[in-house]
>>> print(open('coords_17.txt').read())   # compact mmCIF, C-alpha atoms
# COMPACT_ATOMS: atom_id res chain seq x y z
CA MET A 1 -9.27 12.41 4.07
CA LEU A 2 -6.97 11.56 6.93
CA PHE A 3 -3.21 11.28 6.48
CA VAL A 4 -0.47 9.08 7.93
CA GLU A 5 2.74 11.01 8.58
CA ALA A 6 6.03 9.16 8.48
CA ASN A 7 9.60 10.45 8.22
CA GLY A 8 8.57 13.49 6.21
CA ALA A 9 5.94 11.80 4.05
CA ARG A 10 2.23 12.59 4.28
CA ILE A 11 0.38 9.54 3.00
CA PRO A 12 -3.40 9.64 2.38
CA ALA A 13 -4.94 7.01 4.65
CA ILE A 14 -7.02 5.38 1.90
CA GLY A 15 -5.67 4.74 -1.58
CA LEU A 16 -6.44 2.65 -4.63
CA GLY A 17 -4.46 -0.54 -5.13
CA THR A 18 -4.12 -1.52 -8.80
CA TRP A 19 -2.79 -5.09 -8.68
CA GLU A 20 -4.38 -7.17 -11.49
CA LEU A 21 -5.97 -4.10 -13.10
CA ARG A 22 -5.07 -3.89 -16.76
CA GLY A 23 -5.62 -1.85 -19.89
CA ARG A 24 -8.38 0.67 -20.36
CA SER A 25 -10.29 -0.52 -17.29
CA CYS A 26 -7.26 0.29 -15.11
CA ALA A 27 -6.96 3.81 -16.53
CA ARG A 28 -10.70 4.35 -16.11
CA LEU A 29 -10.69 3.20 -12.47
CA VAL A 30 -7.73 5.42 -11.61
CA GLU A 31 -9.40 8.38 -13.29
CA GLN A 32 -12.71 7.77 -11.50
CA ALA A 33 -11.02 7.22 -8.14
CA LEU A 34 -9.25 10.56 -8.38
CA ARG A 35 -12.47 12.29 -9.41
CA LEU A 36 -14.16 10.79 -6.32
CA GLY A 37 -11.53 12.22 -4.00
CA TYR A 38 -8.83 9.55 -3.81
CA ARG A 39 -5.37 11.07 -3.60
CA HIS A 40 -3.27 7.93 -3.17
CA ILE A 41 -2.64 5.51 -6.05
CA ASP A 42 -0.46 2.40 -5.75
CA THR A 43 1.13 0.54 -8.65
CA ALA A 44 4.27 -1.54 -9.31
CA GLN A 45 6.49 -2.70 -12.13
CA MET A 46 5.22 -6.24 -11.62
CA TYR A 47 1.60 -5.14 -12.17
CA GLU A 48 2.46 -4.13 -15.77
CA ASN A 49 0.03 -1.21 -15.59
CA GLU A 50 2.21 1.82 -14.83
CA ARG A 51 1.42 3.26 -18.27
CA GLU A 52 -2.34 2.98 -17.67
CA VAL A 53 -2.04 4.43 -14.16
CA GLY A 54 -0.31 7.46 -15.66
CA GLU A 55 -3.05 7.77 -18.27
CA GLY A 56 -5.73 7.71 -15.59
CA LEU A 57 -3.90 10.36 -13.59
CA ARG A 58 -3.73 12.71 -16.58
CA ALA A 59 -7.35 12.05 -17.61
CA SER A 60 -8.63 12.88 -14.12
CA GLY A 61 -7.62 16.51 -14.35
CA VAL A 62 -6.30 16.39 -10.77
CA LYS A 63 -3.05 18.28 -10.38
CA ARG A 64 0.02 16.10 -10.06
CA ASP A 65 1.11 17.66 -6.77
CA GLN A 66 -2.22 16.65 -5.19
CA VAL A 67 -1.73 12.91 -5.80
CA PHE A 68 0.50 10.58 -3.76
CA LEU A 69 1.75 7.98 -6.26
CA THR A 70 3.62 4.83 -5.28
CA THR A 71 5.41 2.31 -7.47
CA LYS A 72 7.72 -0.59 -6.65
CA ILE A 73 10.98 -2.05 -7.99
CA TRP A 74 10.87 -5.78 -8.73
CA PRO A 75 13.56 -7.87 -6.93
CA SER A 76 15.28 -8.93 -10.16
CA HIS A 77 16.35 -5.27 -10.55
CA PHE A 78 17.95 -4.87 -7.10
CA ALA A 79 21.57 -4.75 -8.26
CA PRO A 80 22.54 -1.06 -7.89
CA HIS A 81 22.91 -0.20 -11.59
CA ASP A 82 19.77 -2.16 -12.48
CA LEU A 83 17.73 -0.46 -9.76
CA GLU A 84 18.52 3.07 -10.92
CA ARG A 85 17.83 2.16 -14.54
CA SER A 86 14.61 0.40 -13.59
CA ALA A 87 13.35 3.39 -11.60
CA LYS A 88 13.89 5.64 -14.61
CA GLU A 89 12.01 3.17 -16.83
CA SER A 90 9.04 3.30 -14.44
CA LEU A 91 8.98 7.08 -14.74
CA VAL A 92 9.01 6.80 -18.54
CA ARG A 93 5.99 4.47 -18.44
CA LEU A 94 4.17 6.73 -15.98
CA ARG A 95 5.22 9.83 -17.96
CA LEU A 96 6.26 11.54 -14.75
CA THR A 97 9.44 13.22 -13.54
CA ASP A 98 9.18 11.62 -10.10
CA VAL A 99 7.04 9.40 -7.88
CA ASP A 100 6.03 10.19 -4.32
CA LEU A 101 7.12 6.81 -2.98
CA LEU A 102 9.41 4.16 -4.45
CA LEU A 103 9.46 0.77 -2.71
CA LEU A 104 11.50 -2.41 -2.85
CA HIS A 105 8.69 -4.84 -3.72
CA TRP A 106 10.00 -7.95 -1.94
CA PRO A 107 13.24 -8.87 -0.17
CA ASN A 108 15.92 -10.38 -2.41
CA PRO A 109 18.57 -12.32 -0.47
CA GLN A 110 20.60 -12.76 -3.68
CA VAL A 111 21.68 -9.09 -3.58
CA PRO A 112 23.20 -7.56 -0.41
CA LEU A 113 20.52 -5.36 1.13
CA ALA A 114 22.99 -2.55 1.86
CA GLU A 115 23.88 -2.33 -1.86
CA THR A 116 20.22 -2.22 -2.89
CA LEU A 117 19.39 0.42 -0.30
CA GLY A 118 22.40 2.48 -1.37
CA ALA A 119 20.99 2.56 -4.90
CA LEU A 120 17.49 3.32 -3.61
CA ALA A 121 18.87 6.24 -1.58
CA ARG A 122 20.64 7.59 -4.67
CA VAL A 123 17.37 7.49 -6.60
CA ARG A 124 15.87 9.72 -3.93
CA GLN A 125 18.91 12.00 -3.92
CA GLN A 126 18.57 12.38 -7.69
CA GLY A 127 14.98 13.57 -7.25
CA LEU A 128 13.40 10.59 -9.01
CA ALA A 129 11.44 9.66 -5.86
CA ARG A 130 10.35 12.02 -3.12
CA HIS A 131 10.32 9.22 -0.57
CA ILE A 132 11.53 5.61 -0.40
CA GLY A 133 10.52 2.53 1.52
CA VAL A 134 10.14 -1.24 1.53
CA SER A 135 7.41 -3.83 1.07
CA ASN A 136 6.94 -7.31 2.51
CA PHE A 137 9.82 -6.85 4.96
CA THR A 138 9.85 -8.74 8.25
CA VAL A 139 10.78 -7.10 11.56
CA ALA A 140 14.38 -8.31 11.22
CA LEU A 141 14.62 -6.94 7.68
CA ILE A 142 13.14 -3.61 8.75
CA GLU A 143 15.83 -3.30 11.40
CA GLU A 144 18.56 -4.17 8.90
CA ALA A 145 17.15 -1.80 6.28
CA VAL A 146 16.92 1.18 8.64
CA ALA A 147 20.48 0.59 9.83
CA SER A 148 21.79 0.28 6.26
CA CYS A 149 20.05 3.17 4.49
CA SER A 150 21.44 6.71 4.39
CA GLU A 151 17.99 8.15 3.60
CA PRO A 152 14.85 7.78 5.75
CA LEU A 153 12.51 4.90 4.94
CA VAL A 154 8.88 5.96 5.21
CA CYS A 155 6.94 2.69 5.14
CA ASP A 156 6.70 -1.06 4.99
CA GLN A 157 3.83 -2.15 2.75
CA VAL A 158 2.50 -5.55 3.83
CA GLU A 159 -0.61 -7.69 3.77
CA TYR A 160 -2.78 -6.62 6.69
CA HIS A 161 -6.43 -7.24 7.55
CA PRO A 162 -8.41 -8.47 10.59
CA TYR A 163 -7.47 -12.12 9.98
CA LEU A 164 -3.70 -11.45 10.03
CA ASP A 165 -1.88 -10.27 13.14
CA GLN A 166 0.76 -7.76 12.05
CA SER A 167 1.30 -6.18 15.47
CA LYS A 168 5.05 -6.93 15.51
CA VAL A 169 5.64 -5.35 12.11
CA ARG A 170 3.47 -2.36 13.04
CA GLU A 171 5.42 -1.88 16.28
CA ALA A 172 8.73 -2.02 14.38
CA CYS A 173 7.46 0.64 11.98
CA VAL A 174 6.40 2.86 14.86
CA ARG A 175 9.83 2.51 16.47
CA HIS A 176 11.46 3.89 13.35
CA GLY A 177 8.90 6.56 12.49
CA MET A 178 7.68 4.51 9.52
CA ALA A 179 4.14 3.98 8.33
CA LEU A 180 2.55 0.62 7.75
CA VAL A 181 0.64 0.48 4.45
CA ALA A 182 -1.86 -2.38 4.19
CA TYR A 183 -2.48 -4.26 0.96
CA SER A 184 -5.32 -6.79 0.74
CA PRO A 185 -6.93 -4.79 3.59
CA VAL A 186 -10.34 -6.40 3.12
CA ALA A 187 -8.81 -9.91 2.91
CA LYS A 188 -9.52 -10.21 -0.83
CA GLY A 189 -13.24 -9.73 -0.17
CA ARG A 190 -13.52 -12.47 2.44
CA ILE A 191 -14.58 -10.06 5.18
CA LYS A 192 -17.80 -9.01 3.37
CA SER A 193 -19.69 -11.97 4.86
CA ASP A 194 -17.93 -12.05 8.25
CA ARG A 195 -20.68 -12.18 10.87
CA ALA A 196 -18.79 -10.25 13.55
CA LEU A 197 -17.94 -7.44 11.16
CA LEU A 198 -21.48 -7.38 9.81
CA ARG A 199 -22.87 -7.03 13.35
CA ILE A 200 -20.52 -4.15 14.08
CA GLY A 201 -21.42 -2.61 10.73
CA ASP A 202 -25.12 -2.69 11.56
CA ARG A 203 -24.50 -0.42 14.54
CA TYR A 204 -22.73 2.18 12.42
CA ARG A 205 -24.80 1.62 9.25
CA LYS A 206 -21.64 0.64 7.39
CA THR A 207 -20.59 -2.43 5.42
CA ALA A 208 -18.15 -5.03 6.73
CA ALA A 209 -15.52 -3.67 4.33
CA GLN A 210 -15.97 -0.14 5.65
CA ILE A 211 -15.63 -1.40 9.23
CA CYS A 212 -12.44 -3.22 8.29
CA LEU A 213 -10.92 -0.17 6.60
CA ARG A 214 -11.89 2.09 9.47
CA TRP A 215 -10.23 -0.35 11.89
CA LEU A 216 -6.98 -0.02 9.95
CA VAL A 217 -7.13 3.77 9.66
CA GLN A 218 -7.77 4.18 13.40
CA GLN A 219 -4.51 2.31 14.03
CA GLY A 220 -2.65 4.92 12.00
CA VAL A 221 -2.33 2.51 9.07
CA ALA A 222 -2.79 3.53 5.43
CA ALA A 223 -4.85 1.06 3.37
CA ILE A 224 -4.88 0.49 -0.39
CA PRO A 225 -7.92 -1.68 -1.24
CA ARG A 226 -8.01 -2.93 -4.81
CA THR A 227 -11.28 -3.06 -6.69
CA SER A 228 -12.28 -3.52 -10.31
CA LYS A 229 -15.80 -2.15 -9.67
CA LEU A 230 -16.57 1.53 -9.87
CA GLU A 231 -19.32 1.27 -7.23
CA ARG A 232 -16.81 -0.08 -4.69
CA LEU A 233 -14.65 3.02 -5.05
CA SER A 234 -17.23 5.19 -3.30
CA GLU A 235 -17.81 2.60 -0.57
CA ASN A 236 -14.12 2.21 0.27
CA ILE A 237 -13.49 5.92 0.74
CA ASP A 238 -16.68 6.59 2.72
CA ILE A 239 -15.16 5.82 6.13
CA PHE A 240 -14.34 9.25 7.52
CA ASP A 241 -17.74 10.12 9.01
CA PHE A 242 -17.68 7.69 11.95
CA GLU A 243 -15.30 6.27 14.55
CA LEU A 244 -15.16 2.76 15.99
CA SER A 245 -15.36 2.40 19.75
CA GLU A 246 -12.38 1.03 21.65
CA GLU A 247 -14.42 -2.10 22.37
CA ASP A 248 -15.07 -2.67 18.67
CA MET A 249 -11.41 -2.03 17.84
CA GLN A 250 -10.32 -4.65 20.37
CA GLN A 251 -12.92 -7.18 19.20
CA ILE A 252 -11.72 -6.91 15.60
CA SER A 253 -8.09 -7.19 16.69
CA THR A 254 -8.77 -10.52 18.40
CA MET A 255 -9.76 -12.04 15.02
CA GLY A 256 -6.17 -12.03 13.76
CA SER A 257 -3.53 -14.74 13.89
CA ALA A 258 0.05 -15.10 12.67
CA GLY A 259 -1.14 -17.71 10.18
CA GLY A 260 -3.85 -15.58 8.60
CA ARG A 261 -1.89 -14.72 5.48
CA LEU A 262 -3.76 -14.98 2.17
CA THR A 263 -0.99 -13.98 -0.25
CA ASP A 264 1.69 -16.50 -1.17
CA PHE A 265 3.92 -15.82 -4.15
CA GLY A 266 6.13 -18.78 -3.31
CA PHE A 267 9.13 -16.70 -2.30
CA ALA A 268 7.86 -14.77 0.72
CA PRO A 269 10.27 -14.38 3.65
CA LYS A 270 9.85 -16.47 6.77
CA TRP A 271 7.61 -14.38 9.02
CA ASP A 272 8.00 -16.14 12.36
>>> encode(input="coords_17.txt", output="structure tokens")
Amino acid sequence: MLFVEANGARIPAIGLGTWELRGRSCARLVEQALRLGYRHIDTAQMYENEREVGEGLRASGVKRDQVFLTTKIWPSHFAPHDLERSAKESLVRLRLTDVDLLLLHWPNPQVPLAETLGALARVRQQGLARHIGVSNFTVALIEEAVASCSEPLVCDQVEYHPYLDQSKVREACVRHGMALVAYSPVAKGRIKSDRALLRIGDRYRKTAAQICLRWLVQQGVAAIPRTSKLERLSENIDIFDFELSEEDMQQISTMGSAGGRLTDFGFAPKWD
């Protein structure tokens, strides 16, 4: 496993995303992922599966201090008092005393960002989260967040895959010592039949998904592919025995555009 280091955090480069995973199948996938060698699990209040993620962690037998666990606060809880209460409720559901990374899930212009970040910093100071960060923040919001927060922010978690150019966000993260964590890193499965990625994969004897994930990792990006299939867990983590050439890296990078976003919750910030 490779790691991405950012403002004191050491984030495993490949993790398991759990969006849309529910019930016993969620707990079973988390357990199996950890048994296979995953050490990075991502959940959120909005996913309504924190309880099952905690169950999977305990069932795996992997020691708590060996797992990097992320959860996220939903924007409706961004008022300072609500945020601290909500963070504690997440820990109750997870049955943990702290999380490794606590993120603001989306921007919320209805609550002053400085107030929200003040509360997020206090959560870290209280020991409820070892690290804090943001998700779905634009470059302008990253700059505002860094300037407003008394504690270091370690990442911005955003949609990122070969079809979406996130170079500006990645550069902003680098400027501030933050990591970029990629959700939907295999473009919700769309890359599996991409001819260019398949051709590159043939040369390395890897799948298109593995090429895509390796491309992200070689940029210093952490990726959290979601899967509901046990067989995909092994495939997604089997990317540390090869390295893409600079030519292949550049070819994949040319596939992206600013309009390549696949996720639209109807309240995303303006990205351009």
>>> closest_residue(input="coords_17.txt", among="A:Ala79, A:Ala187, A:Val67, A:Val154", to="Leu103 (chain A)", atoms="all atoms listed in the file")
A:Val154
>>> residues_around(input="coords_17.txt", residues="Asp82 (chain A)", least_positions_apart="6", cutoff="12 Å", atoms="only C-alpha atoms", output="ChimeraX atom specification")
/A:73-76,88-89,111,115-116,119-120,123
>>> closest_atom_pairs(input="coords_17.txt", of="region 59-129 of chain A", to="region 157-178 of chain A", cutoff="12 Å", atoms="all atoms listed in the file", output="Markdown table")
| residue | atom | partner | partner_atom | distance |
| --- | --- | --- | --- | --- |
| A:Thr70 | CA | A:Gln157 | CA | 10.6 |
| A:Thr71 | CA | A:Gln157 | CA | 11.3 |
| A:Lys72 | CA | A:Gln157 | CA | 10.3 |
| A:Leu101 | CA | A:Gln157 | CA | 11.1 |
| A:Leu102 | CA | A:Gln157 | CA | 11.1 |
| A:Leu103 | CA | A:Gln157 | CA | 8.4 |
| A:Leu104 | CA | A:Gln157 | CA | 9.5 |
| A:His105 | CA | A:Gln157 | CA | 8.5 |
| A:Trp106 | CA | A:Gln157 | CA | 9.7 |
| A:Pro107 | CA | A:Gln157 | CA | 11.9 |
>>> closest_residue(input="coords_17.txt", among="A:Ala114, A:Val181, A:Ile239, A:Ala129", to="Glu144 (chain A)", atoms="all atoms listed in the file")
A:Ala114
>>> atom_distance(input="coords_17.txt", atom1="CA of Cys155 (chain A)", atom2="CA of Ala6 (chain A)")
7.3 Å
>>> residues_around(input="coords_17.txt", residues="Leu230 (chain A)", least_positions_apart="4", cutoff="10 Å", atoms="only C-alpha atoms", output="ChimeraX atom specification")
/A:25,28-30,32-33,234-235
>>> write_last_selection(input="coords_17.txt", atoms="C-alpha atoms", output="CSV table (one decimal), in the coordinates of the input")
chain,number,residue,atom,x,y,z
A,25,SER,CA,-10.3,-0.5,-17.3
A,28,ARG,CA,-10.7,4.4,-16.1
A,29,LEU,CA,-10.7,3.2,-12.5
A,30,VAL,CA,-7.7,5.4,-11.6
A,32,GLN,CA,-12.7,7.8,-11.5
A,33,ALA,CA,-11.0,7.2,-8.1
A,234,SER,CA,-17.2,5.2,-3.3
A,235,GLU,CA,-17.8,2.6,-0.6
>>> residues_around(input="coords_17.txt", residues="Gly17 (chain A)", least_positions_apart="4", cutoff="6 Å", atoms="all atoms listed in the file", output="count of residues only")
4
>>> atom_distance(input="coords_17.txt", atom1="CA of Gly37 (chain A)", atom2="CA of Gly133 (chain A)")
24.7 Å
>>> atom_distance(input="coords_17.txt", atom1="CA of Ser90 (chain A)", atom2="CA of Lys188 (chain A)")
26.7 Å
>>> residues_around(input="coords_17.txt", residues="Ala147 (chain A)", least_positions_apart="4", cutoff="12 Å", atoms="all atoms listed in the file", output="count of residues only")
12
>>> closest_residue(input="coords_17.txt", among="A:Gln250, A:Ser135, A:Asn236, A:Thr43", to="Thr18 (chain A)", atoms="all atoms listed in the file")
A:Thr43
>>> closest_residue(input="coords_17.txt", among="A:Val62, A:Cys26, A:Val99, A:Leu213", to="Glu48 (chain A)", atoms="only C-alpha atoms")
A:Cys26
>>> residues_near_point(input="coords_17.txt", point="(-3.3, 4.4, -2.2)", cutoff="7 Å", atoms="all atoms listed in the file", output="ChimeraX atom specification")
/A:12,14-17,40-42,223-224
>>> closest_residue(input="coords_17.txt", among="A:Val221, A:Met46, A:Ala59, A:Ala121", to="His77 (chain A)", atoms="all atoms listed in the file")
A:Met46
>>> closest_residue(input="coords_17.txt", among="A:Ile191, A:Cys149, A:Leu36, A:Met1", to="Arg124 (chain A)", atoms="all atoms listed in the file")
A:Cys149
